[in-house]
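This is input.txt (compact mmCIF, C-alpha atoms).
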# COMPACT_ATOMS: atom_id res chain seq x y z
CA MET A 1 71.80 -10.11 -59.99
CA ILE A 2 71.07 -11.39 -56.51
CA LYS A 3 71.19 -7.86 -55.25
CA LYS A 4 68.62 -6.83 -57.83
CA ILE A 5 66.29 -9.67 -56.90
CA MET A 6 66.61 -8.77 -53.23
CA LEU A 7 65.79 -5.17 -54.03
CA LEU A 8 62.75 -6.23 -56.01
CA PHE A 9 61.53 -8.40 -53.13
CA GLY A 10 62.10 -5.53 -50.79
CA PHE A 11 60.12 -3.23 -53.03
CA LEU A 12 57.29 -5.74 -53.34
CA PHE A 13 57.18 -6.23 -49.57
CA PHE A 14 57.03 -2.49 -49.08
CA LEU A 15 54.16 -2.24 -51.52
CA THR A 16 52.11 -4.97 -49.84
CA SER A 17 52.51 -3.58 -46.34
CA CYS A 18 51.56 -0.19 -47.68
CA LYS A 19 48.44 -1.64 -49.19
CA ASN A 20 47.51 -3.27 -45.88
CA GLU A 21 47.83 0.04 -44.11
CA VAL A 22 45.51 1.70 -46.57
CA LYS A 23 43.07 -1.16 -46.28
CA LYS A 24 43.07 -0.91 -42.50
CA GLU A 25 42.37 2.77 -42.67
CA ILE A 26 39.45 2.29 -44.99
CA VAL A 27 37.96 -0.42 -42.77
CA THR A 28 38.26 1.75 -39.68
CA ALA A 29 36.65 4.64 -41.48
CA LEU A 30 33.80 2.43 -42.62
CA LYS A 31 33.25 1.01 -39.15
CA LYS A 32 33.05 4.49 -37.71
CA GLU A 33 30.33 5.38 -40.15
CA VAL A 34 28.20 2.32 -39.38
CA THR A 35 28.15 2.69 -35.57
CA SER A 36 27.66 6.38 -35.01
CA THR A 37 29.40 7.47 -31.85
CA THR A 38 27.64 9.49 -29.20
CA THR A 39 29.58 12.60 -28.30
CA SER A 40 27.10 14.48 -26.15
CA VAL A 41 24.07 13.87 -23.94
CA LYS A 42 21.25 16.35 -23.50
CA THR A 43 20.99 17.63 -19.95
CA TYR A 44 17.63 18.59 -18.50
CA ASP A 45 16.39 19.96 -15.24
CA TYR A 46 13.06 18.58 -14.01
CA ASN A 47 10.95 21.27 -15.66
CA GLN A 48 12.54 20.49 -19.00
CA LEU A 49 12.17 16.74 -18.51
CA LYS A 50 8.55 16.93 -17.36
CA PRO A 51 6.98 17.28 -20.84
CA LEU A 52 8.68 14.03 -21.85
CA LEU A 53 6.95 12.25 -18.96
CA GLU A 54 3.44 13.32 -19.91
CA LYS A 55 3.09 13.34 -23.69
CA LYS A 56 -0.46 13.12 -24.97
CA ASP A 57 0.14 11.45 -28.32
CA ASP A 58 -0.66 7.87 -29.33
CA LYS A 59 2.64 6.36 -28.33
CA THR A 60 3.44 4.18 -25.34
CA TYR A 61 6.44 5.50 -23.44
CA VAL A 62 8.82 3.48 -21.30
CA ILE A 63 10.94 5.76 -19.12
CA ASN A 64 13.77 4.20 -17.15
CA PHE A 65 15.68 6.07 -14.43
CA TRP A 66 19.18 4.66 -14.15
CA ALA A 67 22.89 5.39 -13.74
CA THR A 68 26.10 3.78 -14.97
CA TRP A 69 27.20 3.16 -11.36
CA CYS A 70 23.95 1.39 -10.45
CA ALA A 71 24.58 -2.34 -10.93
CA PRO A 72 20.92 -3.48 -11.07
CA CYS A 73 20.24 -0.68 -13.57
CA VAL A 74 23.06 -1.78 -15.86
CA LYS A 75 21.84 -5.36 -15.60
CA GLU A 76 18.34 -4.51 -16.81
CA LEU A 77 19.36 -2.03 -19.55
CA PRO A 78 19.53 -4.72 -22.28
CA TYR A 79 15.85 -5.50 -21.62
CA PHE A 80 14.90 -1.87 -22.23
CA GLU A 81 17.06 -1.89 -25.35
CA LYS A 82 15.30 -5.02 -26.54
CA ILE A 83 11.90 -3.42 -25.95
CA ASN A 84 13.07 -0.34 -27.84
CA LYS A 85 14.07 -2.49 -30.80
CA GLU A 86 11.28 -5.04 -30.88
CA TYR A 87 8.38 -2.73 -30.11
CA ALA A 88 9.46 0.21 -32.25
CA ASP A 89 6.88 -0.76 -34.88
CA LYS A 90 4.19 -0.98 -32.18
CA ASN A 91 4.49 2.69 -31.39
CA VAL A 92 6.61 2.23 -28.26
CA ALA A 93 9.47 4.59 -27.37
CA VAL A 94 12.08 4.05 -24.68
CA LEU A 95 13.78 6.93 -22.89
CA LEU A 96 16.71 6.30 -20.56
CA VAL A 97 16.99 9.06 -17.97
CA SER A 98 20.48 8.94 -16.46
CA LEU A 99 21.13 10.16 -12.93
CA ASP A 100 24.87 9.98 -13.30
CA PHE A 101 26.91 12.66 -11.61
CA PRO A 102 26.98 15.67 -13.95
CA LYS A 103 30.76 15.82 -13.59
CA GLN A 104 31.08 12.29 -14.95
CA VAL A 105 29.12 12.68 -18.17
CA GLU A 106 32.22 12.93 -20.36
CA LYS A 107 34.25 10.39 -18.47
CA LYS A 108 31.66 7.72 -17.69
CA LEU A 109 28.24 8.18 -19.27
CA ILE A 110 29.24 8.88 -22.89
CA PRO A 111 31.89 6.11 -23.05
CA PHE A 112 29.32 3.75 -21.50
CA ILE A 113 26.72 4.61 -24.16
CA ASN A 114 29.27 3.93 -26.89
CA ARG A 115 30.65 0.77 -25.33
CA LYS A 116 27.18 -0.74 -24.89
CA LYS A 117 26.04 0.72 -28.23
CA LEU A 118 22.83 1.98 -26.63
CA GLN A 119 20.19 2.72 -29.25
CA SER A 120 17.45 4.14 -26.99
CA GLU A 121 17.51 7.86 -26.37
CA VAL A 122 19.58 8.83 -23.31
CA VAL A 123 19.22 12.12 -21.42
CA LEU A 124 20.74 13.33 -18.18
CA LEU A 125 18.56 14.66 -15.38
CA ASP A 126 20.57 17.25 -13.47
CA ASP A 127 18.39 18.96 -10.90
CA VAL A 128 19.39 19.41 -7.28
CA ASN A 129 15.83 19.81 -6.14
CA GLU A 130 15.43 16.07 -5.62
CA ASP A 131 12.95 16.37 -2.77
CA VAL A 132 10.57 18.15 -5.13
CA TRP A 133 10.90 16.20 -8.36
CA ILE A 134 11.12 12.68 -6.91
CA LYS A 135 7.67 13.21 -5.37
CA ALA A 136 6.42 14.88 -8.54
CA ILE A 137 7.49 11.94 -10.68
CA ASP A 138 5.66 9.59 -8.35
CA GLU A 139 4.29 10.00 -4.84
CA SER A 140 5.44 6.46 -3.97
CA TRP A 141 9.04 6.80 -5.20
CA SER A 142 11.56 6.77 -2.34
CA GLY A 143 14.33 7.82 -4.70
CA ALA A 144 15.98 4.42 -5.07
CA LEU A 145 17.32 3.40 -8.47
CA PRO A 146 16.35 1.78 -10.75
CA ALA A 147 12.82 3.08 -11.31
CA THR A 148 10.56 2.95 -14.35
CA ILE A 149 7.43 4.62 -15.67
CA ILE A 150 5.28 3.16 -18.44
CA TYR A 151 2.60 5.49 -19.76
CA THR A 152 0.19 6.31 -22.52
CA LYS A 153 -2.11 9.32 -22.65
CA ASN A 154 -4.71 7.28 -20.73
CA LYS A 155 -2.73 5.10 -18.38
CA ARG A 156 0.34 5.43 -16.23
CA LYS A 157 2.21 3.11 -13.89
CA PHE A 158 5.33 3.61 -11.76
CA TYR A 159 7.72 0.85 -10.68
CA GLU A 160 10.41 1.17 -8.00
CA GLN A 161 11.95 -2.21 -8.85
CA SER A 162 14.27 -4.10 -11.17
CA PHE A 163 12.89 -5.94 -14.19
CA ASP A 164 13.70 -9.11 -16.06
CA TYR A 165 12.72 -9.09 -19.73
CA GLU A 166 9.59 -11.17 -19.29
CA THR A 167 8.15 -9.02 -16.50
CA LEU A 168 8.92 -5.84 -18.38
CA GLU A 169 7.38 -7.13 -21.59
CA ASN A 170 4.27 -8.35 -19.74
CA GLU A 171 3.86 -4.94 -18.08
CA LEU A 172 4.25 -3.22 -21.42
CA LYS A 173 1.66 -5.51 -22.99
CA THR A 174 -0.97 -4.37 -20.48
CA PHE A 175 -0.58 -0.92 -22.05
CA LEU A 176 -0.69 -2.14 -25.62
CA ASN A 177 -3.80 -4.32 -25.50
CA PRO A 178 -6.52 -2.37 -23.78
CA MET B 1 -19.51 -22.72 24.51
CA LYS B 2 -19.75 -18.94 24.64
CA THR B 3 -16.14 -18.83 25.84
CA ILE B 4 -14.88 -20.93 22.98
CA GLU B 5 -16.75 -18.74 20.54
CA SER B 6 -15.28 -15.63 22.08
CA ILE B 7 -11.81 -17.10 21.99
CA LEU B 8 -12.25 -18.04 18.36
CA LEU B 9 -13.54 -14.60 17.53
CA LEU B 10 -10.63 -13.02 19.36
CA ALA B 11 -8.23 -15.28 17.51
CA VAL B 12 -9.73 -14.19 14.19
CA VAL B 13 -9.50 -10.53 15.15
CA VAL B 14 -5.89 -10.88 16.30
CA PHE B 15 -4.97 -12.84 13.21
CA THR B 16 -6.60 -10.34 10.86
CA THR B 17 -4.95 -7.42 12.61
CA ALA B 18 -1.59 -9.14 12.45
CA ALA B 19 -1.99 -9.94 8.78
CA PHE B 20 -3.12 -6.41 8.05
CA THR B 21 -0.24 -4.91 9.99
CA LEU B 22 2.27 -7.12 8.22
CA LYS B 23 0.87 -6.28 4.84
CA ASN B 24 1.10 -2.59 5.54
CA SER B 25 4.46 -2.59 7.25
CA GLY B 26 6.34 -0.39 4.82
CA GLY B 27 8.55 0.33 7.84
CA TYR B 28 8.55 3.11 10.41
CA LYS B 29 6.81 6.37 9.68
CA VAL B 30 7.47 9.68 11.38
CA GLY B 31 5.93 9.45 14.85
CA ASP B 32 6.36 5.66 15.13
CA THR B 33 8.19 4.09 18.06
CA ILE B 34 11.19 2.06 17.02
CA GLU B 35 12.56 -1.17 18.41
CA ASP B 36 16.15 -1.13 19.60
CA PHE B 37 18.62 -3.25 17.65
CA ARG B 38 21.92 -4.90 18.43
CA LEU B 39 24.41 -5.00 15.58
CA LYS B 40 28.11 -5.63 15.19
CA ASN B 41 30.34 -2.60 14.81
CA ILE B 42 33.52 -2.61 12.72
CA ASP B 43 35.58 -2.65 15.95
CA GLY B 44 33.99 -6.00 16.86
CA THR B 45 31.76 -4.67 19.66
CA MET B 46 27.99 -5.01 19.63
CA VAL B 47 26.14 -1.72 19.52
CA SER B 48 22.58 -0.99 20.56
CA LEU B 49 20.86 2.33 21.14
CA PHE B 50 20.34 1.70 24.87
CA ASP B 51 24.14 1.70 25.26
CA TYR B 52 24.09 5.45 24.71
CA GLU B 53 23.25 6.63 28.21
CA ASP B 54 23.84 10.31 27.57
CA ALA B 55 22.30 10.56 24.13
CA LYS B 56 19.20 12.63 23.50
CA GLY B 57 18.65 10.88 20.24
CA PHE B 58 20.29 9.42 17.18
CA ILE B 59 21.02 10.19 13.57
CA ILE B 60 20.68 6.70 12.10
CA ILE B 61 21.99 6.52 8.54
CA PHE B 62 21.71 3.49 6.28
CA THR B 63 24.74 3.71 4.04
CA CYS B 64 27.37 1.50 2.43
CA ASN B 65 30.79 1.42 0.79
CA THR B 66 29.74 0.92 -2.78
CA CYS B 67 26.96 3.37 -3.57
CA PRO B 68 28.32 6.55 -5.19
CA TYR B 69 25.59 8.56 -3.48
CA SER B 70 26.77 7.22 -0.13
CA VAL B 71 30.38 7.95 -0.99
CA ALA B 72 29.41 11.47 -2.09
CA ASN B 73 27.89 11.96 1.37
CA GLU B 74 30.65 10.45 3.54
CA ASP B 75 32.29 13.78 4.39
CA ARG B 76 28.89 15.23 5.22
CA ILE B 77 28.10 12.27 7.51
CA ILE B 78 31.42 12.72 9.33
CA ALA B 79 30.67 16.44 9.71
CA LEU B 80 27.22 15.64 11.14
CA ASN B 81 28.73 13.44 13.82
CA ASP B 82 31.38 16.07 14.55
CA LYS B 83 28.73 18.66 15.05
CA TYR B 84 26.05 16.70 16.91
CA GLN B 85 27.69 13.91 18.92
CA GLU B 86 28.60 16.33 21.70
CA GLU B 87 25.11 17.79 21.59
CA GLY B 88 23.62 14.37 22.21
CA TYR B 89 22.76 13.25 18.70
CA PRO B 90 25.48 10.83 17.54
CA VAL B 91 25.50 9.32 14.06
CA ILE B 92 24.94 5.56 13.88
CA ALA B 93 25.70 4.21 10.39
CA ILE B 94 24.28 0.87 9.31
CA ASN B 95 25.24 -1.01 6.14
CA PRO B 96 22.06 -2.80 5.04
CA ASN B 97 23.52 -4.57 2.00
CA ASP B 98 24.04 -8.31 2.03
CA PRO B 99 27.76 -8.91 1.41
CA ALA B 100 26.76 -12.07 -0.46
CA ALA B 101 25.13 -9.77 -3.01
CA VAL B 102 27.78 -7.03 -2.88
CA PRO B 103 31.20 -8.42 -1.86
CA ASP B 104 32.62 -4.91 -1.53
CA ASP B 105 30.14 -4.23 1.26
CA SER B 106 31.53 -7.06 3.41
CA PHE B 107 32.39 -6.56 7.09
CA ASP B 108 36.11 -6.52 6.27
CA LYS B 109 35.67 -4.01 3.46
CA MET B 110 33.59 -1.84 5.81
CA LYS B 111 36.58 -1.71 8.17
CA VAL B 112 38.85 -0.70 5.30
CA ARG B 113 36.52 2.07 4.12
CA ALA B 114 35.95 3.41 7.64
CA ASP B 115 39.70 3.49 8.16
CA GLU B 116 40.42 5.23 4.84
CA LYS B 117 37.83 7.92 5.47
CA GLY B 118 38.36 8.16 9.22
CA PHE B 119 34.77 7.45 10.20
CA ASN B 120 34.20 8.95 13.65
CA PHE B 121 30.96 7.03 14.25
CA PRO B 122 29.99 3.36 14.59
CA TYR B 123 29.56 1.60 11.25
CA LEU B 124 27.36 -1.44 11.82
CA LEU B 125 26.59 -4.38 9.60
CA ASP B 126 22.93 -5.37 9.39
CA GLU B 127 23.85 -9.03 9.51
CA GLY B 128 20.99 -11.13 8.16
CA GLN B 129 19.36 -7.92 6.87
CA ASN B 130 16.74 -7.86 9.62
CA VAL B 131 16.96 -4.27 10.80
CA TYR B 132 16.61 -2.19 7.63
CA PRO B 133 13.19 -3.69 6.68
CA LYS B 134 11.84 -2.70 10.11
CA PHE B 135 12.84 0.86 9.37
CA GLY B 136 11.54 0.60 5.84
CA ALA B 137 14.84 1.88 4.47
CA SER B 138 14.83 1.45 0.70
CA LYS B 139 18.11 2.96 -0.34
CA THR B 140 21.51 4.26 0.66
CA PRO B 141 21.93 6.82 2.05
CA HIS B 142 18.65 6.93 4.00
CA VAL B 143 18.44 8.90 7.25
CA TYR B 144 16.21 8.37 10.33
CA ILE B 145 16.38 10.76 13.25
CA VAL B 146 15.08 9.22 16.48
CA THR B 147 14.62 10.79 19.92
CA LYS B 148 15.86 8.50 22.67
CA GLU B 149 13.46 9.00 25.54
CA ASP B 150 10.38 7.93 23.58
CA MET B 151 12.31 6.13 20.80
CA LYS B 152 10.18 7.99 18.28
CA VAL B 153 11.05 8.67 14.65
CA GLN B 154 11.23 12.43 14.11
CA TYR B 155 12.60 12.65 10.59
CA ILE B 156 13.04 10.39 7.55
CA GLY B 157 14.88 11.20 4.36
CA ALA B 158 17.89 12.91 2.85
CA ILE B 159 20.88 14.63 4.43
CA ASP B 160 20.38 17.82 2.40
CA ASN B 161 18.91 19.02 -0.88
CA SER B 162 21.91 18.30 -3.11
CA SER B 163 23.02 14.73 -2.71
CA ARG B 164 25.21 14.66 -5.80
CA ASN B 165 27.11 17.86 -5.19
CA PRO B 166 28.01 19.22 -1.74
CA ASP B 167 28.85 22.61 -3.27
CA THR B 168 25.28 23.34 -4.29
CA VAL B 169 23.55 22.57 -0.99
CA THR B 170 21.08 25.26 -0.01
CA GLU B 171 19.04 23.38 2.59
CA LYS B 172 20.48 21.07 5.25
CA TYR B 173 17.51 18.91 6.20
CA VAL B 174 19.18 16.81 8.90
CA GLU B 175 20.90 19.76 10.57
CA ASN B 176 17.66 21.75 10.54
CA ALA B 177 15.80 18.81 12.09
CA VAL B 178 18.35 18.18 14.86
CA ASP B 179 18.64 21.92 15.57
CA ALA B 180 14.87 22.07 15.97
CA LEU B 181 14.89 19.08 18.34
CA LEU B 182 17.68 20.59 20.41
CA ALA B 183 15.80 23.88 20.63
CA GLY B 184 12.54 22.12 21.49
CA LYS B 185 10.93 23.39 18.32
CA THR B 186 8.83 21.63 15.70
CA ILE B 187 10.74 20.20 12.77
CA GLU B 188 9.73 22.03 9.63
CA LYS B 189 10.41 19.25 7.14
CA THR B 190 9.98 15.80 8.63
CA GLU B 191 10.18 13.88 5.35
CA THR B 192 12.37 14.50 2.33
CA ARG B 193 13.59 12.45 -0.59
CA ALA B 194 16.79 12.00 -2.52
CA ILE B 195 18.12 9.66 -5.15
CA GLY B 196 20.00 6.67 -3.80
CA CYS B 197 21.06 3.12 -4.53
CA SER B 198 18.54 0.38 -3.89
CA ILE B 199 19.47 -1.90 -0.99
CA LYS B 200 21.07 -5.09 -2.30
CA THR B 201 20.07 -8.51 -1.03
CA ILE B 202 20.12 -11.95 -2.59

Here is the file; what I need is its structure written in the form of structure tokens.
Amino acid sequence: MIKKIMLLFGFLFFLTSCKNEVKKEIVTALKKEVTSTTTSVKTYDYNQLKPLLEKKDDKTYVINFWATWCAPCVKELPYFEKINKEYADKNVAVLLVSLDFPKQVEKKLIPFINRKKLQSEVVLLDDVNEDVWIKAIDESWSGALPATIIYTKNKRKFYEQSFDYETLENELKTFLNP
Amino acid sequence: MKTIESILLLAVVVFTTAAFTLKNSGGYKVGDTIEDFRLKNIDGTMVSLFDYEDAKGFIIIFTCNTCPYSVANEDRIIALNDKYQEEGYPVIAINPNDPAAVPDDSFDKMKVRADEKGFNFPYLLDEGQNVYPKFGASKTPHVYIVTKEDMKVQYIGAIDNSSRNPDTVTEKYVENAVDALLAGKTIEKTETRAIGCSIKTI
């Protein structure tokens, strides 16, 4: 009799743990669906990136040049993310142009995007002709990171500096309220 | 009375010029005469440009331990010194970052990095961060080639045209500039740009 009871308990225990496993699996699967993981990043040379820096539509574009290894860039990224989220309905789009080392896209950039759950579009600029495109992006840019462009079809400003949220938002507002 | 007026006028002129100059001092441009500096090397000695009696000029490079673009260029900087020290153009590396802002760029960490990589050139700390603003350096790495006799800036910019990847270099800006100076020729490209890390201060 005791043996039978023990066996029953054992069986019950087995069932419950089994159920937990299944539950766990379902939860993980669900989570994966909610936060879509980034698995690749588009790579552009300057000529391919250029059209994204001079669109003539009615949007306001905030372009941030950054890299995962650049501490001040990483620090200000949440502000660009916040702009991307809070100004989406005001026709503002944020583009994060990474200058990470092309060899480290898989190992550093993509895991970083997923870890920080970046929602703004991220592209990689891989073009060795730095002397040409740094000047082309802005005559005043020395090449230091971070750097930012805010533009509309009528107005354009370049910033070789770091931002806090307030400064960034105030700059953006000068483009939104002509 | 006239004298006082003149003095006042002169004072105004001097003051305005000074203010104007300060406002526009984005650092040295090509052709400018530089001031010598005196900075502490990782071996504890003080280094200034006038110490180099036999030099024809200098390859001054603002660089640091922590910037990946600097690290990606370390072997190239060592090679530059190997090639040009004997010819009279030694490399002088200066770390412009404030260690209070970037602990890994401290004087002690500079020694460690120089030792690991076998730096064959002086690696100076810009203590107090007073030298790099005079040059107008904005990032690491940032190169200034200076001729010694007139202390004039001959070149400002990048080491070559592929900072991220040494295997895809097709134009060696610094080598071309120093070669031109050694041959008494005009430097073709006196200013170039490359991506780098902003200089960190508190």

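Taking CA of Asn114 in chain A as the reference point, CA of Glu171 in chain A is found at 28.3 Å.
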
(request) Could you list the residues in chain B lying within 8 Å of chain A, using only C-alpha atoms, and format the result as a PyMOL selection string? (result) chain B and resi 67-68+138-140+161-164+168+192-198

(request) Would you kindly return, as an MDAnalysis selection string, each protein, DNA or RNA residue with an atom no farther than 6 Å from any atom of Val91 in chain B, considering all atoms listed in the file and excluding same-chain residues fewer than 6 positions away? (result) chainID B and resid 59:60 81 121

Box for range 147-160 of chain B - axis-aligned, 8 Å on each of the six sides, all listed atoms - centre and size in Å to one decimal, as lines of an AutoDock Vina configuration file.
center_x = 15.5
center_y = 12.0
center_z = 14.0
size_x = 26.7
size_y = 27.7
size_z = 39.1

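In this model, the gap between CA of Glu81 in chain A and CA of Lys173 in chain A comes to 16.0 Å.
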
Will you model N, CA and C atoms for range 73-105 of chain B and pass it back as a short mmCIF file (atom, residue, chain, number, x, y, z; two decimals), in the frame of the given file?
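Result file selection-v2.cif:
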data_model
loop_
_atom_site.label_atom_id
_atom_site.label_comp_id
_atom_site.auth_asym_id
_atom_site.auth_seq_id
_atom_site.Cartn_x
_atom_site.Cartn_y
_atom_site.Cartn_z
N ASN B 73 28.38 11.38 0.12
CA ASN B 73 27.89 11.96 1.37
C ASN B 73 28.76 11.66 2.59
N GLU B 74 29.84 10.88 2.39
CA GLU B 74 30.65 10.45 3.54
C GLU B 74 31.18 11.63 4.35
N ASP B 75 31.73 12.64 3.66
CA ASP B 75 32.29 13.78 4.39
C ASP B 75 31.19 14.51 5.15
N ARG B 76 30.02 14.55 4.55
CA ARG B 76 28.89 15.23 5.22
C ARG B 76 28.43 14.44 6.44
N ILE B 77 28.51 13.10 6.37
CA ILE B 77 28.10 12.27 7.51
C ILE B 77 29.10 12.45 8.66
N ILE B 78 30.38 12.49 8.32
CA ILE B 78 31.42 12.72 9.33
C ILE B 78 31.20 14.08 10.00
N ALA B 79 30.90 15.09 9.17
CA ALA B 79 30.67 16.44 9.71
C ALA B 79 29.45 16.47 10.63
N LEU B 80 28.42 15.70 10.28
CA LEU B 80 27.22 15.64 11.14
C LEU B 80 27.58 15.10 12.52
N ASN B 81 28.36 14.02 12.53
CA ASN B 81 28.73 13.44 13.82
C ASN B 81 29.60 14.41 14.62
N ASP B 82 30.53 15.07 13.90
CA ASP B 82 31.38 16.07 14.55
C ASP B 82 30.55 17.13 15.25
N LYS B 83 29.52 17.55 14.56
CA LYS B 83 28.73 18.66 15.05
C LYS B 83 27.76 18.23 16.16
N TYR B 84 27.18 17.02 16.03
CA TYR B 84 26.05 16.70 16.91
C TYR B 84 26.30 15.63 17.97
N GLN B 85 27.42 14.94 17.91
CA GLN B 85 27.69 13.91 18.92
C GLN B 85 27.72 14.55 20.32
N GLU B 86 28.46 15.64 20.41
CA GLU B 86 28.60 16.33 21.70
C GLU B 86 27.25 16.87 22.19
N GLU B 87 26.41 17.22 21.24
CA GLU B 87 25.11 17.79 21.59
C GLU B 87 24.10 16.70 21.96
N GLY B 88 24.51 15.45 21.81
CA GLY B 88 23.62 14.37 22.21
C GLY B 88 22.93 13.64 21.07
N TYR B 89 23.33 13.95 19.84
CA TYR B 89 22.76 13.25 18.70
C TYR B 89 23.87 12.61 17.84
N PRO B 90 24.42 11.47 18.32
CA PRO B 90 25.48 10.83 17.54
C PRO B 90 24.93 10.19 16.26
N VAL B 91 25.84 10.04 15.30
CA VAL B 91 25.50 9.32 14.06
C VAL B 91 25.72 7.83 14.30
N ILE B 92 24.77 7.01 13.89
CA ILE B 92 24.94 5.56 13.88
C ILE B 92 24.75 5.13 12.42
N ALA B 93 25.82 4.64 11.79
CA ALA B 93 25.70 4.21 10.39
C ALA B 93 25.49 2.71 10.34
N ILE B 94 24.58 2.30 9.46
CA ILE B 94 24.28 0.87 9.31
C ILE B 94 24.38 0.51 7.83
N ASN B 95 25.17 -0.51 7.52
CA ASN B 95 25.24 -1.01 6.14
C ASN B 95 24.19 -2.11 5.97
N PRO B 96 23.15 -1.83 5.18
CA PRO B 96 22.06 -2.80 5.04
C PRO B 96 22.31 -3.85 3.96
N ASN B 97 23.32 -3.65 3.13
CA ASN B 97 23.52 -4.57 2.00
C ASN B 97 24.03 -5.93 2.45
N ASP B 98 23.56 -6.96 1.76
CA ASP B 98 24.04 -8.31 2.03
C ASP B 98 25.37 -8.51 1.31
N PRO B 99 26.45 -8.75 2.06
CA PRO B 99 27.76 -8.91 1.41
C PRO B 99 27.77 -10.05 0.39
N ALA B 100 26.84 -11.00 0.53
CA ALA B 100 26.76 -12.07 -0.46
C ALA B 100 26.33 -11.51 -1.81
N ALA B 101 25.57 -10.40 -1.77
CA ALA B 101 25.13 -9.77 -3.01
C ALA B 101 26.15 -8.73 -3.49
N VAL B 102 26.78 -8.06 -2.55
CA VAL B 102 27.78 -7.03 -2.88
C VAL B 102 29.05 -7.29 -2.06
N PRO B 103 29.99 -8.05 -2.61
CA PRO B 103 31.20 -8.42 -1.86
C PRO B 103 31.95 -7.21 -1.31
N ASP B 104 31.90 -6.08 -2.02
CA ASP B 104 32.62 -4.91 -1.53
C ASP B 104 31.94 -4.23 -0.34
N ASP B 105 30.79 -4.74 0.05
CA ASP B 105 30.14 -4.23 1.26
C ASP B 105 30.30 -5.23 2.42
#
